[in-house]
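Reading through the structure tokens given below for one structure.
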Amino acid sequence: MVRYFPSDDTSALPTRFGFWPGDPTTPGVVSTPFFSARLPVVCRQLHDKKPFGMFRGEDGMNYTFSTFLIEAVLIIFFIKVVSFLLRPLRQPRIVCEIIGGIMIGPSMFGRSRNFNYYLFPPVGNYICANLGLMGFFYFLFLTAAKTDVAEIFKAPRKHKYIAAISVLVPIACVGGTGAALKDTMDEKLQKSSSIGGVTFALGFTSFPVIYTVLRDMNLLNSEVGKFAMSVTLLGDMVGLYVLVLFEAMTQADGGGGVYSVIWFLISVSILAAFLLLVVRQSFDWIVAKTPERKLVNQNYIVIILMGVLVSGFLTDMFGMAIAVGPIWLGLVVPHGPPLTSTLAIRSETFVNEFLMPFSFALVGQKTNVNLLSEETWPKQVSPLVYMSIVGFVTKFISSTGAALFFKVPTRDSLTLGLMMNLRAPLISFLYDPSRPYRSSKHRTIQHTPQCTEMGLVLAVSDHETFSGLVTFLDFAYPTKNSPLSIFAIQLMELAGRAQPLFIEHEKRRKEEEKYEMEEEEHERSRSKRIDQLQSAFKLYQEKRGECVTLRAYTAHAPKRHMYQDICELALNKKTAFILLPYQKERLEDASLTELRDSGMLSVNADVLAHTPCSVCIYYEKGRLKNAMARSSMDIQHTTHSSHRRQEMYRFVILFLGGADNREALHLADRMKENPNITLTVVRFLAYNHEGEDEREKKLDDGVVTWFWVKNESNDRVSYKEVVVKNGAETLAAIQAMNVNDYDLWITGRREGINPKILEGLSTWSEDHQLGVIGDTVAGSVFASEGSVLVVQQQVRNQKGGDGFLNGKFDYKHLVSPWSHSHN
């Protein structure tokens with residue numbers, strides 16, 4: 001096939017178009033980026049769509065689609081390999097994908113003629129480039145759809161000031177540098193639109209990019225991560241308006257003059273009005289038509305995804321940047337469920353895992369480090385390098401300085417400056433999101449005086465989970481002299497949002513009008529179970545108002561970040577312990593306190609690892625649940641207390657020694673004040689004191705003596721000691737107690753337990769949430785209908801300094817990333 005190009009004298013085409021490997025002077029080779037109008041170019045032969053076979057002499061690489069398949073495999077392969085190799089450097093995924101794309105471009109393998117001809121020919125590149133553009137379209141659309149623009153108006157004033165300073169100062173400095181170097185620039189770079197484009201690109205930090213980086217580094221829900229997202233969002237919203245002005249400048253530079261600028265602004269205004277007045281109303285209609293707790297109809301999703309392409313076409317036709325249309329369309333989508341969450345469920349995996357690699361391959365194809373030569377340095381490269389250096393330095397200084405001025409802690413200010421410049425490895429060394437949760441003060445049940453209010457954080461995900469934990473709260477027996485202050489936080493997975501959201505409902509009620517308007521616009525489709533759970537919180541407070549104070553919260557966060565909201569609330573409210581349900585993948589006949597979503601399994605483990613106070617994990621089984629249900633029925637149908645049916649409940653504490661068991665004994669001491677409870681304390685001791693730690697033994701003796709002296713005359717409390725030689729005897733002794741039909745088993749999790757008592761049992765433990773003994777008692781093999789309560793005492797922060805600006809430095813972290821997945 002021979003193709004003649006149009007009659008234009010200099011039609012610009014890629015230099016690699018139509019060349020063959022080997023001698024560059026052979027016929028059909030084009031060695032210059034410009035082509036004469038009369039020059040014929042020999043392209044690849046077009047093949048019929050029929051099966052081929054290598055055994056018939058056919059070459060599969062001659063087929064466009066076959067070549068595309070190989071390109072797709074290579075692109076994804078290179079990106080995954082780079083991601084694996086760069087894990088120790090803590091590089092976010094987007095950086096690995098860009099580097100993987102550069103590897104197949106002219107900077108590395110693309111320099112080879114044979115590599116380009118056989119694997120990445122021009123026809124295949126055309127397909128990949130268009131898929132890459134589509135990837136950018138949908139990535140920007142989905143990120144914009146998750147963005148809550150209303151957060152701009154609710155952002156603290158200092159966030160707005162820091163955002164303005166971190167944008168205006170770099171823009172002024174970079175723009176000044178560009179103006180100073182204008183005379184030394186290439187003719188194309190000297191244009192005002194070119195200098196302005198570089199200036200604004202360096203002045204703004206892209207919200208979609210920083211959202212992706214923080215998500216990959218597990219900093220999305222951290223305090224400084226929220227700060228950075230708020231500041232970046234504010235800057236990006238200003239950038240959208242600046243982008244319109246920049247595109248108008250481009251229209252003027254293109255030779256159209258004022259006439260083209262005016263029509264450009266008119267077309268932009270019409271498009272914006274159409275999106276706000278028509279498209280937005282259509283989206284609201286879709287949300288209103290969707291049943292609660294259901295996904296949006298797939299036909300609507302297909303229409304919206306097609307609309308992304310239409311919006312890109314319109315903005316490109318009007319002369320705007322082609323990606324502006326998808327961004328604007330995404331911003332008018334009601335964030336959160338059901339619409340944005342359905343869009344993410346239906347398309348996010350395909351966009352991120354398949355289309356986006358082609359996007360970064362497109363970036364790599366356009367990146368050529370070989371152009372950094374003596375010829376291009378003076379007028380093309382050096383001005384960009386100087387402007388980039390000025391941009392990075394001024395953005396870091398302005399962001400950090402502004403944060404320090406508004407009294408943000410030094411470490412957080414430095415981290416914010418690095419985040420605004422996306423310096424990922426330094427961020428991971430400087431900032432540890434779990435650092436703030438460790439406290440050097442006692443936050444335990446043991447150190448909370450009995451005749452004072454005791455605070456606790458209650459973390460639940462649904463109404464059924466809360467109804468199970470109410471059992472424990474009632475058995476904790478709060479009174480007017482020893483009341484409970486409960487901070488109940490409902491955990492909701494971040495769906496259809498880019499920014500984590502933490503709602504304090506008491507504050508929300510005080511600002512009723514403001515939040516009602518927000519709910520009408522953005523929260524219309526929140527599920528009934530949220531209202532049901534919040535109603536349950538309110539009802540519990542009303543029934544037990546004399547001895548319980550309950551404050552309700554809701555946290556929208558990714559599952560792997562939920563522990564941060566729990567721990568931060570416990571730290572700020574100075575609570576004695578955190579109460580969690582036992583989390584396990586739920587079967588049909590499983591207990592109501594087990595979470596049905598297996599993705600929540602890591603929440604307990606993260607809380608146990610980073611908690612600022614003690615932790616109690618409650619695993620409810622049928623007997624107590626049924627007993628409390630009968631008690632509730634009696635309360636509803638009987639008004640006089642003497643007529644209520646009173647049942648006695650038998651609790652046992654397995655005291656194996658150590659800090660966790662001492663904490664469990666102090667909690668049991670509070671629970672035994674309930675007149676409907678009998679408590680048995682069983683202390684396990686090692687034969688001949690083998691394996692005992694002298695310090696732990698003294699502490700255990702002191703607590704046990706205190707408890708027995710206090711309760712010696714109490715007929716509802718009994719104390720026993722069991723001497724064992726190993727874990728087998730310990731297990732046998734516990735199994736023998738199962739005949740007593742206990743309603744609740746209480747034990748410490750693990751800290752300080754004599755290893756001799758547990759010898760041989762750890763290999764049989766499958767669930768580390770409950771510890772060895774807790775897992776044994778809760779297991780189906782044990783065949784007990786009693787519930788289980790496992791206690792972990794606070795691990796205090798004993799560090800006197802900050803070490804490497806971060807509390808501690810561990811060289812093992814340099815190699816450990818290879819053993820973990822890179823999400």
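As shown in the structure tokens, the chain order sets the letters A, B, ...; within each chain, residues go from 1, and ligands are also counted from 1 in the order they appear.
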I'd like the neighbourhood of segment 728-733 of chain A as a short mmCIF file (atom, residue, chain, number, x, y, z; two decimals) with C-alpha atoms, in the first residue's frame, where a residue qualifies if any of its atoms comes within 9 Å (using only C-alpha atoms), though same-chain residues fewer than 4 positions away should be ignored.
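This is the output file selection20.cif:
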data_model
loop_
_atom_site.label_atom_id
_atom_site.label_comp_id
_atom_site.auth_asym_id
_atom_site.auth_seq_id
_atom_site.Cartn_x
_atom_site.Cartn_y
_atom_site.Cartn_z
CA PHE A 684 -2.54 -20.82 86.62
CA VAL A 722 -4.07 -24.58 89.30
CA VAL A 723 -0.46 -25.78 88.92
CA VAL A 724 0.51 -27.03 85.45
CA MET A 737 -13.94 -26.34 83.82
CA ILE A 757 2.13 -22.48 80.78
CA LEU A 758 1.46 -22.16 77.02
CA GLU A 759 4.14 -24.58 75.85
CA GLY A 760 2.94 -26.44 72.76
CA LEU A 761 -0.31 -24.49 72.34
CA ILE A 773 -6.12 -19.09 75.34
CA THR A 776 -8.85 -22.03 72.33
#
Task: Within 6 Å of segment 90-98 of chain A using only C-alpha atoms, minus same-chain residues under 4 positions, as number ranges by chain - done: A: 79, 82-83, 213, 216, 360, 424-425
- [ ] Return as number ranges by chain the full set of residues in segment 180-250 of chain A whose backbone-based DSSP assignment is alpha helix (DSSP H).
- [x] A: 180, 192-203, 207-216, 223-250
Open item on the list: From the options A:Thr212, A:Gln251, A:Thr448, A:Gln534, which residue's atoms come nearest to Ile489 of chain A, counting only C-alpha atoms?
Closed with: A:Gln534
